[in-house]
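Here's start_10.txt, which has compact mmCIF, C-alpha atoms (C1' of nucleotides):
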# COMPACT_ATOMS: atom_id res chain seq x y z
CA MET A 1469 129.36 124.72 122.38
CA ALA A 1470 126.28 122.57 122.47
CA HIS A 1471 124.31 124.15 119.67
CA ASP A 1472 125.09 126.80 117.12
CA ASP A 1473 122.51 128.23 114.85
CA GLU A 1474 123.24 126.13 111.81
CA ASP A 1475 124.21 122.62 112.65
CA ARG A 1476 123.52 120.11 109.93
CA HIS A 1477 122.78 116.44 110.23
CA GLU A 1478 121.65 114.89 106.98
CA LYS A 1479 120.18 111.53 107.93
CA GLN A 1480 117.13 109.55 106.94
CA GLU A 1481 115.71 111.78 104.22
CA LYS A 1482 111.96 111.77 104.11
CA ARG A 1483 109.32 112.65 101.48
CA ASP A 1484 110.31 114.98 98.65
CA ASP A 1485 109.42 118.63 98.53
CA SER A 1486 106.22 118.54 96.47
CA ALA A 1487 102.68 117.16 96.63
CA ARG A 1488 102.59 116.78 100.37
CA ASP A 1489 98.89 117.03 101.06
CA ASP A 1490 96.99 113.92 100.10
CA GLY A 1491 98.01 110.81 98.27
CA PRO A 1492 96.27 109.05 95.40
CA THR A 1493 93.89 107.50 97.90
CA GLY A 1494 92.50 110.91 98.77
CA MET A 1495 93.05 110.43 102.46
CA PRO A 1496 94.96 113.29 104.02
CA LYS A 1497 98.44 112.54 105.22
CA ASN A 1498 100.73 114.58 107.40
CA TRP A 1499 98.17 115.46 110.03
CA LEU A 1500 101.01 116.19 112.36
CA THR A 1501 102.56 118.73 110.01
CA ALA A 1502 99.24 120.47 109.49
CA VAL A 1503 98.45 120.67 113.19
CA LEU A 1504 101.88 122.07 113.97
CA LEU A 1505 101.57 124.69 111.27
CA LEU A 1506 98.16 125.64 112.57
CA GLN A 1507 99.57 126.17 116.04
CA LEU A 1508 102.54 128.11 114.77
CA ARG A 1509 100.24 130.35 112.80
CA GLU A 1510 98.65 131.34 116.09
CA LEU A 1511 101.90 131.85 117.95
CA ASN A 1512 105.58 131.03 117.58
CA SER A 1513 106.51 128.08 119.73
CA TYR A 1514 109.00 125.29 120.38
CA GLY A 1515 108.91 121.51 120.40
CA TYR A 1516 108.29 120.79 124.02
CA ASP A 1517 105.41 123.24 124.11
CA LEU A 1518 103.95 122.09 120.81
CA LEU A 1519 103.90 118.61 122.25
CA GLU A 1520 101.26 119.68 124.73
CA LYS A 1521 99.33 121.72 122.23
CA ALA A 1522 99.22 118.82 119.80
CA ALA A 1523 97.75 116.66 122.55
CA ALA A 1524 94.59 118.75 122.38
CA PHE A 1525 94.24 117.63 118.77
CA GLY A 1526 94.23 113.95 119.58
CA PHE A 1527 97.98 113.45 119.47
CA ALA A 1528 97.84 112.61 123.16
CA ALA A 1529 100.52 109.92 123.15
CA LEU A 1530 102.73 111.58 120.58
CA ASN A 1531 106.34 110.66 120.99
CA PRO A 1532 108.71 113.62 121.42
CA GLY A 1533 111.22 112.16 119.00
CA THR A 1534 108.62 112.00 116.27
CA LEU A 1535 107.62 115.60 116.83
CA TYR A 1536 111.14 116.98 116.82
CA ARG A 1537 111.96 115.06 113.69
CA VAL A 1538 108.90 116.35 111.90
CA LEU A 1539 109.71 119.92 112.90
CA ARG A 1540 113.25 119.64 111.51
CA GLN A 1541 111.88 118.16 108.32
CA MET A 1542 109.38 121.00 108.00
CA GLU A 1543 112.20 123.46 108.34
CA LYS A 1544 114.21 121.70 105.67
CA GLU A 1545 111.20 122.03 103.38
CA GLY A 1546 110.88 125.72 104.14
CA LEU A 1547 107.51 125.53 105.92
CA VAL A 1548 108.98 126.97 109.11
CA ASN A 1549 112.03 128.85 110.34
CA SER A 1550 113.76 128.34 113.65
CA GLY A 1551 116.13 130.07 116.01
CA TRP A 1552 117.44 129.42 119.52
CA ASP A 1553 115.91 131.09 122.53
CA THR A 1554 118.33 131.15 125.45
CA SER A 1555 116.63 133.90 127.43
CA GLY A 1556 114.68 131.73 129.87
CA GLN A 1557 116.12 129.33 132.39
CA GLY A 1558 116.53 125.68 131.56
CA PRO A 1559 117.85 124.28 128.30
CA ALA A 1560 117.72 126.42 125.18
CA ARG A 1561 114.61 126.20 123.09
CA ARG A 1562 114.49 125.99 119.34
CA VAL A 1563 111.65 128.36 118.54
CA TYR A 1564 109.79 127.87 115.28
CA SER A 1565 107.80 130.33 113.20
CA ILE A 1566 105.67 129.66 110.16
CA THR A 1567 106.79 130.89 106.71
CA GLU A 1568 104.80 132.01 103.69
CA ALA A 1569 105.30 128.56 102.23
CA GLY A 1570 103.98 127.13 105.47
CA GLU A 1571 100.83 129.21 105.25
CA ALA A 1572 100.37 128.14 101.66
CA TYR A 1573 100.80 124.50 102.60
CA LEU A 1574 98.28 124.82 105.38
CA LYS A 1575 95.76 126.33 103.00
CA LEU A 1576 96.24 123.55 100.50
CA TRP A 1577 95.96 120.94 103.19
CA ALA A 1578 92.77 122.41 104.62
CA GLY A 1579 91.28 122.20 101.16
CA SER A 1580 92.00 118.53 100.84
CA LEU A 1581 90.60 118.00 104.31
CA GLU A 1582 87.30 119.46 103.24
CA GLN A 1583 87.12 116.88 100.48
CA TYR A 1584 87.96 114.24 103.03
CA ARG A 1585 85.13 115.37 105.24
CA ARG A 1586 82.68 114.55 102.50
CA THR A 1587 84.14 111.08 102.21
CA MET A 1588 83.75 110.66 105.93
CA ASP A 1589 80.13 111.75 105.94
CA MET A 1590 79.54 109.32 103.11
CA PHE A 1591 80.93 106.57 105.24
CA PHE A 1592 78.66 107.46 108.14
CA ARG A 1593 75.60 107.63 105.95
CA LEU A 1594 76.24 104.21 104.50
CA TYR A 1595 77.10 102.86 107.92
CA THR A 1596 74.23 104.22 109.97
CA GLY A 1597 71.76 105.23 107.30
CA ARG A 1598 71.88 108.86 108.39
CA SER A 1599 74.21 111.80 108.98
CA PRO A 1600 76.76 111.64 111.76
CA ASP A 1601 76.36 112.86 115.35
CA LYS A 1602 73.24 114.92 114.96
CA PRO A 1603 72.87 116.52 118.43
CA LYS A 1604 70.29 114.00 119.72
CA GLY A 1605 66.83 115.50 119.23
CA SER A 1606 67.25 117.23 115.88
CA ASP A 1607 67.32 113.74 114.44
CA ARG A 1608 65.00 113.13 111.49
CA MET B 311 95.22 73.39 88.97
CA ALA B 312 95.39 77.15 89.18
CA HIS B 313 93.63 77.66 92.47
CA ASP B 314 92.22 75.35 95.06
CA ASP B 315 90.14 76.54 97.90
CA GLU B 316 92.85 76.57 100.51
CA ASP B 317 96.16 77.60 99.15
CA ARG B 318 98.49 79.15 101.66
CA HIS B 319 101.23 81.64 101.10
CA GLU B 320 102.70 82.97 104.30
CA LYS B 321 104.69 85.98 103.22
CA GLN B 322 105.17 89.50 104.54
CA GLU B 323 103.13 89.37 107.71
CA LYS B 324 101.39 92.59 108.50
CA ARG B 325 99.96 94.15 111.66
CA ASP B 326 98.99 91.79 114.47
CA ASP B 327 95.46 90.71 115.21
CA SER B 328 94.46 93.26 117.81
CA ALA B 329 93.97 96.99 118.25
CA ARG B 330 93.52 97.69 114.58
CA ASP B 331 91.41 100.84 114.72
CA ASP B 332 93.35 103.93 115.62
CA GLY B 333 96.88 104.41 116.84
CA PRO B 334 98.16 106.48 119.75
CA THR B 335 97.83 109.57 117.58
CA GLY B 336 94.08 109.13 117.50
CA MET B 337 93.94 109.30 113.74
CA PRO B 338 92.10 106.38 112.18
CA LYS B 339 94.15 103.94 110.22
CA ASN B 340 93.07 101.22 107.84
CA TRP B 341 90.55 103.27 105.94
CA LEU B 342 90.78 100.77 103.16
CA THR B 343 89.85 97.88 105.43
CA ALA B 344 86.89 99.77 106.84
CA VAL B 345 85.57 100.79 103.44
CA LEU B 346 85.85 97.25 102.12
CA LEU B 347 84.04 95.86 105.14
CA LEU B 348 81.32 98.45 104.69
CA GLN B 349 80.84 97.38 101.09
CA LEU B 350 80.85 93.71 101.95
CA ARG B 351 78.25 94.31 104.61
CA GLU B 352 75.96 95.54 101.85
CA LEU B 353 76.70 92.74 99.43
CA ASN B 354 79.23 89.97 98.95
CA SER B 355 81.75 90.90 96.32
CA TYR B 356 85.20 90.25 94.85
CA GLY B 357 88.37 92.25 94.38
CA TYR B 358 87.96 93.54 90.89
CA ASP B 359 84.47 94.79 91.69
CA LEU B 360 85.42 96.26 95.06
CA LEU B 361 88.08 98.20 93.26
CA GLU B 362 85.39 100.22 91.52
CA LYS B 363 83.24 100.54 94.60
CA ALA B 364 86.16 101.82 96.63
CA ALA B 365 86.73 104.50 94.02
CA ALA B 366 83.49 106.14 95.10
CA PHE B 367 85.04 106.56 98.53
CA GLY B 368 88.00 108.51 97.33
CA PHE B 369 90.22 105.56 96.58
CA ALA B 370 90.12 106.55 92.94
CA ALA B 371 93.69 105.63 92.05
CA LEU B 372 93.88 102.59 94.27
CA ASN B 373 96.32 100.01 93.01
CA PRO B 374 94.80 96.54 92.47
CA GLY B 375 97.74 94.83 94.11
CA THR B 376 97.21 96.83 97.27
CA LEU B 377 93.55 95.93 97.40
CA TYR B 378 94.04 92.21 96.85
CA ARG B 379 96.73 92.11 99.48
CA VAL B 380 94.53 93.89 102.01
CA LEU B 381 91.67 91.50 101.31
CA ARG B 382 93.86 88.46 101.91
CA GLN B 383 95.14 90.02 105.11
CA MET B 384 91.60 90.69 106.26
CA GLU B 385 90.77 87.06 105.65
CA LYS B 386 93.78 85.93 107.63
CA GLU B 387 92.53 88.05 110.50
CA GLY B 388 89.07 86.55 110.26
CA LEU B 389 87.27 89.72 109.22
CA VAL B 390 86.06 88.13 105.99
CA ASN B 391 85.67 84.71 104.42
CA SER B 392 86.25 83.87 100.80
CA GLY B 393 85.44 81.23 98.22
CA TRP B 394 85.89 80.84 94.49
CA ASP B 395 83.13 81.66 92.07
CA THR B 396 83.64 79.90 88.76
CA SER B 397 80.06 80.18 87.53
CA GLY B 398 80.48 83.20 85.25
CA GLN B 399 82.72 83.44 82.25
CA GLY B 400 86.19 84.88 82.53
CA PRO B 401 88.68 84.09 85.27
CA ALA B 402 87.44 82.77 88.58
CA ARG B 403 86.55 85.32 91.21
CA ARG B 404 87.43 85.11 94.84
CA VAL B 405 84.22 86.23 96.48
CA TYR B 406 84.41 87.69 99.95
CA SER B 407 81.80 87.92 102.66
CA ILE B 408 81.97 89.72 105.98
CA THR B 409 82.17 87.74 109.22
CA GLU B 410 80.90 88.50 112.70
CA ALA B 411 84.38 89.64 113.61
CA GLY B 412 84.32 91.88 110.56
CA GLU B 413 81.08 93.48 111.67
CA ALA B 414 82.52 94.01 115.12
CA TYR B 415 85.63 95.57 113.69
CA LEU B 416 83.57 97.90 111.55
CA LYS B 417 81.58 98.99 114.58
CA LEU B 418 84.71 99.69 116.55
CA TRP B 419 86.25 101.57 113.69
CA ALA B 420 83.17 103.72 113.14
CA GLY B 421 83.35 104.68 116.80
CA SER B 422 86.90 105.88 116.52
CA LEU B 423 85.97 107.76 113.39
CA GLU B 424 83.38 109.71 115.32
CA GLN B 425 86.08 110.85 117.70
CA TYR B 426 88.20 111.75 114.71
CA ARG B 427 85.43 113.86 113.30
CA ARG B 428 85.52 116.04 116.37
CA THR B 429 89.25 116.53 115.93
CA MET B 430 88.64 117.52 112.36
CA ASP B 431 85.97 120.04 113.25
CA MET B 432 88.35 121.45 115.82
CA PHE B 433 90.93 121.90 113.12
CA PHE B 434 88.46 123.74 110.90
CA ARG B 435 87.32 126.01 113.68
CA LEU B 436 90.84 127.02 114.52
CA TYR B 437 91.70 127.39 110.87
CA THR B 438 88.72 129.40 109.65
CA GLY B 439 87.28 130.69 112.89
CA ARG B 440 83.99 128.89 112.31
CA SER B 441 82.45 125.45 111.72
CA PRO B 442 83.06 123.70 108.44
CA ASP B 443 80.68 123.85 105.47
CA LYS B 444 77.45 124.32 107.37
CA PRO B 445 74.82 124.12 104.61
CA LYS B 446 74.25 127.91 104.71
CA GLY B 447 71.02 128.54 106.60
CA SER B 448 70.80 125.67 109.10
CA ASP B 449 73.56 127.33 111.07
CA ARG B 450 72.78 127.94 114.74
C1' DG C 923 98.56 82.33 67.56
C1' DC C 924 98.11 86.92 69.49
C1' DA C 925 95.96 90.91 71.65
C1' DT C 926 92.87 92.25 75.05
C1' DC C 927 89.84 92.22 78.92
C1' DT C 928 88.96 90.36 83.39
C1' DA C 929 90.85 88.83 87.68
C1' DT C 930 94.17 87.70 91.22
C1' DA C 931 98.64 87.90 93.14
C1' DT C 932 103.81 88.86 94.54
C1' DG C 933 108.31 91.59 95.18
C1' DT C 934 110.13 95.64 96.51
C1' DA C 935 110.03 100.45 97.93
C1' DT C 936 108.56 104.44 100.57
C1' DA C 937 106.55 107.63 103.90
C1' DA C 938 104.64 108.52 108.31
C1' DT C 939 104.88 107.43 112.03
C1' DG C 940 106.29 104.53 116.81
C1' DC C 941 109.44 103.13 120.46
C1' DA C 942 113.74 103.10 122.83
C1' DC C 943 117.32 105.60 124.00
C1' DA C 944 120.98 109.43 124.27
C1' DT C 945 122.34 114.07 125.50
C1' DA C 946 122.40 118.21 128.11
C1' DG C 947 121.25 122.55 130.89
C1' DA C 948 119.10 123.89 135.30
C1' DT C 949 117.58 123.16 139.76
C1' DA C 950 116.24 120.83 143.96
C1' DA C 951 117.13 117.06 147.46
C1' DC C 952 120.12 114.73 150.13
C1' DG D 839 128.96 117.97 145.89
C1' DT D 840 126.84 114.25 143.77
C1' DT D 841 122.52 112.54 142.61
C1' DA D 842 117.90 112.92 141.01
C1' DT D 843 114.51 115.37 138.37
C1' DC D 844 112.50 118.41 135.10
C1' DT D 845 112.91 120.68 130.79
C1' DA D 846 114.33 120.30 126.08
C1' DT D 847 116.22 118.44 121.86
C1' DG D 848 117.75 114.85 119.29
C1' DT D 849 119.23 109.85 116.78
C1' DG D 850 118.72 104.73 115.51
C1' DC D 851 115.89 101.34 114.33
C1' DA D 852 111.28 99.10 113.57
C1' DT D 853 106.65 98.93 111.90
C1' DT D 854 102.68 99.72 109.07
C1' DA D 855 99.91 101.16 105.39
C1' DT D 856 100.18 101.94 101.58
C1' DA D 857 102.39 102.60 96.26
C1' DC D 858 104.45 100.93 92.03
C1' DA D 859 105.91 97.52 88.88
C1' DT D 860 105.23 93.29 87.26
C1' DA D 861 103.63 88.32 86.77
C1' DT D 862 100.11 84.87 85.90
C1' DA D 863 96.05 83.05 83.88
C1' DG D 864 91.20 82.17 81.97
C1' DA D 865 88.14 83.82 78.18
C1' DT D 866 87.13 85.99 73.84
C1' DG D 867 87.77 88.18 69.35
C1' DC D 868 90.63 88.62 65.31

Take the structure in this file and express it as structure tokens.
Amino acid sequence: MAHDDEDRHEKQEKRDDSARDDGPTGMPKNWLTAVLLLQLRELNSYGYDLLEKAAAFGFAALNPGTLYRVLRQMEKEGLVNSGWDTSGQGPARRVYSITEAGEAYLKLWAGSLEQYRRTMDMFFRLYTGRSPDKPKGSDR
Amino acid sequence: MAHDDEDRHEKQEKRDDSARDDGPTGMPKNWLTAVLLLQLRELNSYGYDLLEKAAAFGFAALNPGTLYRVLRQMEKEGLVNSGWDTSGQGPARRVYSITEAGEAYLKLWAGSLEQYRRTMDMFFRLYTGRSPDKPKGSDR
DNA sequence: GCATCTATATGTATAATGCACATAGATAAC
DNA sequence: GTTATCTATGTGCATTATACATATAGATGC
């Protein structure tokens, strides 16, 4: 058989299981993880579909391999669960759903992003002398 | 002598000289470079001092080694120039100043950041259902 | 002489990707 | 009926932006 429900391939371990939101620099890492979790919170989905959805978030040229690898890693960390969907035509799809831990991670990450936003605005103010992208007219 | 004005150490080449703003993912890279350029645009400065200034931008726990390495790299790429300042007491300081190319880079980077901001707002809207931290009152 | 502060730098590791490529089911084209 | 194409998932290897640990050295106080 091509795929049973629990095949294991332990290769190229990435990041450990804790402190996965922002590093000491304060800049948020793992954008991809966060965006995928956000999508999965809306609706269960699978890699090939998430690839398109992620494009709307600026991951236009995202490589499939990267995405699939991240999804597997997320599962290993308990942020998502997966199962095969063989109902449709075409190759089977590994369908992911977000877990409680995934929701918690997303919440944490969103918090750090808010901090980041302030940093960004600070950058814009120092760069342009004013706040960013005021809708042209409501300027001063 | 401990340091003459043009000592060369070609080791561990990093990123090539072009397309240094945002990758295919659309997320801005090289925050550190941008922040340093922004500071140098305000006033010429040196590593040890920039370390503190960068802290205000969220790079609180930035490692000195990282910063010095980035500065040297920036110089190699022509974004900054440097020269030794031996006037004060204490060890000599390598003082950096921004170049035309540096200004251009900063401009480019700021542009990509603006795009990024939209992505971020999109994330917040999908996450919370509304815009991020509008200063309560100036909403519509 | 030794600790300490300032200041710069290197060696090595890691984490988040990127790119190239492999595999495989389903279907359409020839 | 084999070949191409689309969907779908995956692995191997490289790169890049950092991090961490450590080294070096001038200046000053004890």

Practice item. Just need the residues of chain B within 10 Å of chain A, counting only C-alpha atoms, so spit them out as a PyMOL selection string. Key: chain B and resi 333-337+341-342+344-345+348-349+351-352+364-373+416-417+420+423-434+436-438+442-443

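Put simply, atom CA of A:Tyr1514 is 13.4 Å away from atom CA of A:Gly1533.
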
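Minimum atom-to-atom distance to C:DG940, evaluated using all atoms listed in the file, belongs to A:Pro1532 out of A:Gly1570, A:Leu1511, A:Asp1517, A:Pro1532.
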
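Between atom C1' of D:DC851 and atom C1' of C:DA944 lies a distance of 13.8 Å.
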
Exercise for review: Counting all atoms listed in the file, note down every residue that has an atom within 12 Å of the point (96.7, 82.4, 86.4) (file coordinates), as a PyMOL selection string.
Suggested key: (chain B and resi 311-313+400-403) or (chain C and resi 928-931) or (chain D and resi 861-865)

Practice item. Please measure the separation of atom CA of B:Lys363 and atom CA of B:Arg404, giving the value in Å to one decimal. Key: 16.0 Å

Exercise for review: Check every residue of chain C for an atom within 12 Å of chain A, counting all atoms listed in the file, and provide those that qualify as a list in words.
Suggested key: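 Using all atoms listed in the file, chain C residues at most 12 Å from chain A: DT936, DA937, DA938, DT939, DG940, DC941, DA942, DC943, DA944, DT945, DA946, DG947, DA948 and DT949 of chain C.
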
Practice item. Would you kindly report the residues of chain D within 9 Å of chain B, using only C-alpha atoms (C1' of nucleotides), as a ChimeraX atom specification? Key: /D:853-858,863-866

What would the file be for stretch 332-361 of chain B if you keep N, CA and C atoms and write it as a PDB file, in the first residue's frame?
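So out.pdb came out as:
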ATOM      1  N   ASP B 332      12.997  41.399   0.456  1.00  0.00           N
ATOM      2  CA  ASP B 332      12.129  40.336   0.919  1.00  0.00           C
ATOM      3  C   ASP B 332      12.212  39.131  -0.024  1.00  0.00           C
ATOM      4  N   GLY B 333      12.057  37.973   0.553  1.00  0.00           N
ATOM      5  CA  GLY B 333      12.147  36.751  -0.233  1.00  0.00           C
ATOM      6  C   GLY B 333      10.839  36.447  -0.929  1.00  0.00           C
ATOM      7  N   PRO B 334      10.785  35.311  -1.589  1.00  0.00           N
ATOM      8  CA  PRO B 334       9.587  34.876  -2.300  1.00  0.00           C
ATOM      9  C   PRO B 334       8.369  34.771  -1.384  1.00  0.00           C
ATOM     10  N   THR B 335       8.593  34.618  -0.106  1.00  0.00           N
ATOM     11  CA  THR B 335       7.468  34.503   0.816  1.00  0.00           C
ATOM     12  C   THR B 335       6.797  35.849   1.024  1.00  0.00           C
ATOM     13  N   GLY B 336       7.533  36.923   0.730  1.00  0.00           N
ATOM     14  CA  GLY B 336       6.961  38.246   0.932  1.00  0.00           C
ATOM     15  C   GLY B 336       7.236  38.817   2.304  1.00  0.00           C
ATOM     16  N   MET B 337       7.767  38.005   3.176  1.00  0.00           N
ATOM     17  CA  MET B 337       8.078  38.492   4.516  1.00  0.00           C
ATOM     18  C   MET B 337       9.432  39.177   4.504  1.00  0.00           C
ATOM     19  N   PRO B 338       9.553  40.319   5.139  1.00  0.00           N
ATOM     20  CA  PRO B 338      10.803  41.070   5.057  1.00  0.00           C
ATOM     21  C   PRO B 338      11.901  40.402   5.864  1.00  0.00           C
ATOM     22  N   LYS B 339      13.044  40.324   5.244  1.00  0.00           N
ATOM     23  CA  LYS B 339      14.203  39.782   5.933  1.00  0.00           C
ATOM     24  C   LYS B 339      15.118  40.949   6.309  1.00  0.00           C
ATOM     25  N   ASN B 340      16.183  40.620   6.967  1.00  0.00           N
ATOM     26  CA  ASN B 340      17.217  41.606   7.271  1.00  0.00           C
ATOM     27  C   ASN B 340      16.712  42.816   8.045  1.00  0.00           C
ATOM     28  N   TRP B 341      15.856  42.535   9.003  1.00  0.00           N
ATOM     29  CA  TRP B 341      15.401  43.603   9.892  1.00  0.00           C
ATOM     30  C   TRP B 341      16.570  44.347  10.507  1.00  0.00           C
ATOM     31  N   LEU B 342      17.535  43.552  10.945  1.00  0.00           N
ATOM     32  CA  LEU B 342      18.689  44.132  11.618  1.00  0.00           C
ATOM     33  C   LEU B 342      19.396  45.143  10.723  1.00  0.00           C
ATOM     34  N   THR B 343      19.634  44.770   9.501  1.00  0.00           N
ATOM     35  CA  THR B 343      20.273  45.657   8.533  1.00  0.00           C
ATOM     36  C   THR B 343      19.483  46.954   8.382  1.00  0.00           C
ATOM     37  N   ALA B 344      18.188  46.818   8.226  1.00  0.00           N
ATOM     38  CA  ALA B 344      17.338  47.988   8.020  1.00  0.00           C
ATOM     39  C   ALA B 344      17.375  48.921   9.225  1.00  0.00           C
ATOM     40  N   VAL B 345      17.267  48.339  10.404  1.00  0.00           N
ATOM     41  CA  VAL B 345      17.267  49.151  11.622  1.00  0.00           C
ATOM     42  C   VAL B 345      18.599  49.884  11.783  1.00  0.00           C
ATOM     43  N   LEU B 346      19.681  49.194  11.491  1.00  0.00           N
ATOM     44  CA  LEU B 346      20.999  49.819  11.610  1.00  0.00           C
ATOM     45  C   LEU B 346      21.147  50.968  10.623  1.00  0.00           C
ATOM     46  N   LEU B 347      20.684  50.741   9.397  1.00  0.00           N
ATOM     47  CA  LEU B 347      20.747  51.804   8.392  1.00  0.00           C
ATOM     48  C   LEU B 347      19.921  53.006   8.838  1.00  0.00           C
ATOM     49  N   LEU B 348      18.776  52.719   9.386  1.00  0.00           N
ATOM     50  CA  LEU B 348      17.891  53.793   9.853  1.00  0.00           C
ATOM     51  C   LEU B 348      18.588  54.632  10.923  1.00  0.00           C
ATOM     52  N   GLN B 349      19.258  53.971  11.822  1.00  0.00           N
ATOM     53  CA  GLN B 349      19.984  54.681  12.878  1.00  0.00           C
ATOM     54  C   GLN B 349      21.144  55.488  12.302  1.00  0.00           C
ATOM     55  N   LEU B 350      21.850  54.887  11.380  1.00  0.00           N
ATOM     56  CA  LEU B 350      23.011  55.556  10.797  1.00  0.00           C
ATOM     57  C   LEU B 350      22.594  56.741   9.926  1.00  0.00           C
ATOM     58  N   ARG B 351      21.390  56.688   9.425  1.00  0.00           N
ATOM     59  CA  ARG B 351      20.887  57.812   8.647  1.00  0.00           C
ATOM     60  C   ARG B 351      20.715  59.032   9.545  1.00  0.00           C
ATOM     61  N   GLU B 352      20.324  58.752  10.799  1.00  0.00           N
ATOM     62  CA  GLU B 352      20.160  59.829  11.771  1.00  0.00           C
ATOM     63  C   GLU B 352      21.509  60.405  12.179  1.00  0.00           C
ATOM     64  N   LEU B 353      22.443  59.483  12.457  1.00  0.00           N
ATOM     65  CA  LEU B 353      23.728  59.917  13.022  1.00  0.00           C
ATOM     66  C   LEU B 353      24.758  58.808  12.869  1.00  0.00           C
ATOM     67  N   ASN B 354      25.950  59.172  12.456  1.00  0.00           N
ATOM     68  CA  ASN B 354      27.032  58.186  12.387  1.00  0.00           C
ATOM     69  C   ASN B 354      27.255  57.568  13.765  1.00  0.00           C
ATOM     70  N   SER B 355      27.598  56.310  13.759  1.00  0.00           N
ATOM     71  CA  SER B 355      27.734  55.621  15.042  1.00  0.00           C
ATOM     72  C   SER B 355      28.615  54.383  14.901  1.00  0.00           C
ATOM     73  N   TYR B 356      28.829  53.699  16.015  1.00  0.00           N
ATOM     74  CA  TYR B 356      29.696  52.514  16.012  1.00  0.00           C
ATOM     75  C   TYR B 356      28.972  51.357  16.705  1.00  0.00           C
ATOM     76  N   GLY B 357      29.502  50.186  16.539  1.00  0.00           N
ATOM     77  CA  GLY B 357      28.851  48.963  16.989  1.00  0.00           C
ATOM     78  C   GLY B 357      28.302  48.977  18.402  1.00  0.00           C
ATOM     79  N   TYR B 358      29.164  49.269  19.322  1.00  0.00           N
ATOM     80  CA  TYR B 358      28.796  49.179  20.726  1.00  0.00           C
ATOM     81  C   TYR B 358      27.629  50.114  21.056  1.00  0.00           C
ATOM     82  N   ASP B 359      27.598  51.239  20.383  1.00  0.00           N
ATOM     83  CA  ASP B 359      26.518  52.205  20.590  1.00  0.00           C
ATOM     84  C   ASP B 359      25.242  51.750  19.882  1.00  0.00           C
ATOM     85  N   LEU B 360      25.409  51.251  18.683  1.00  0.00           N
ATOM     86  CA  LEU B 360      24.258  50.779  17.903  1.00  0.00           C
ATOM     87  C   LEU B 360      23.565  49.626  18.600  1.00  0.00           C
ATOM     88  N   LEU B 361      24.338  48.904  19.369  1.00  0.00           N
ATOM     89  CA  LEU B 361      23.793  47.788  20.126  1.00  0.00           C
ATOM     90  C   LEU B 361      22.672  48.267  21.047  1.00  0.00           C
TER      91      LEU B 361
END
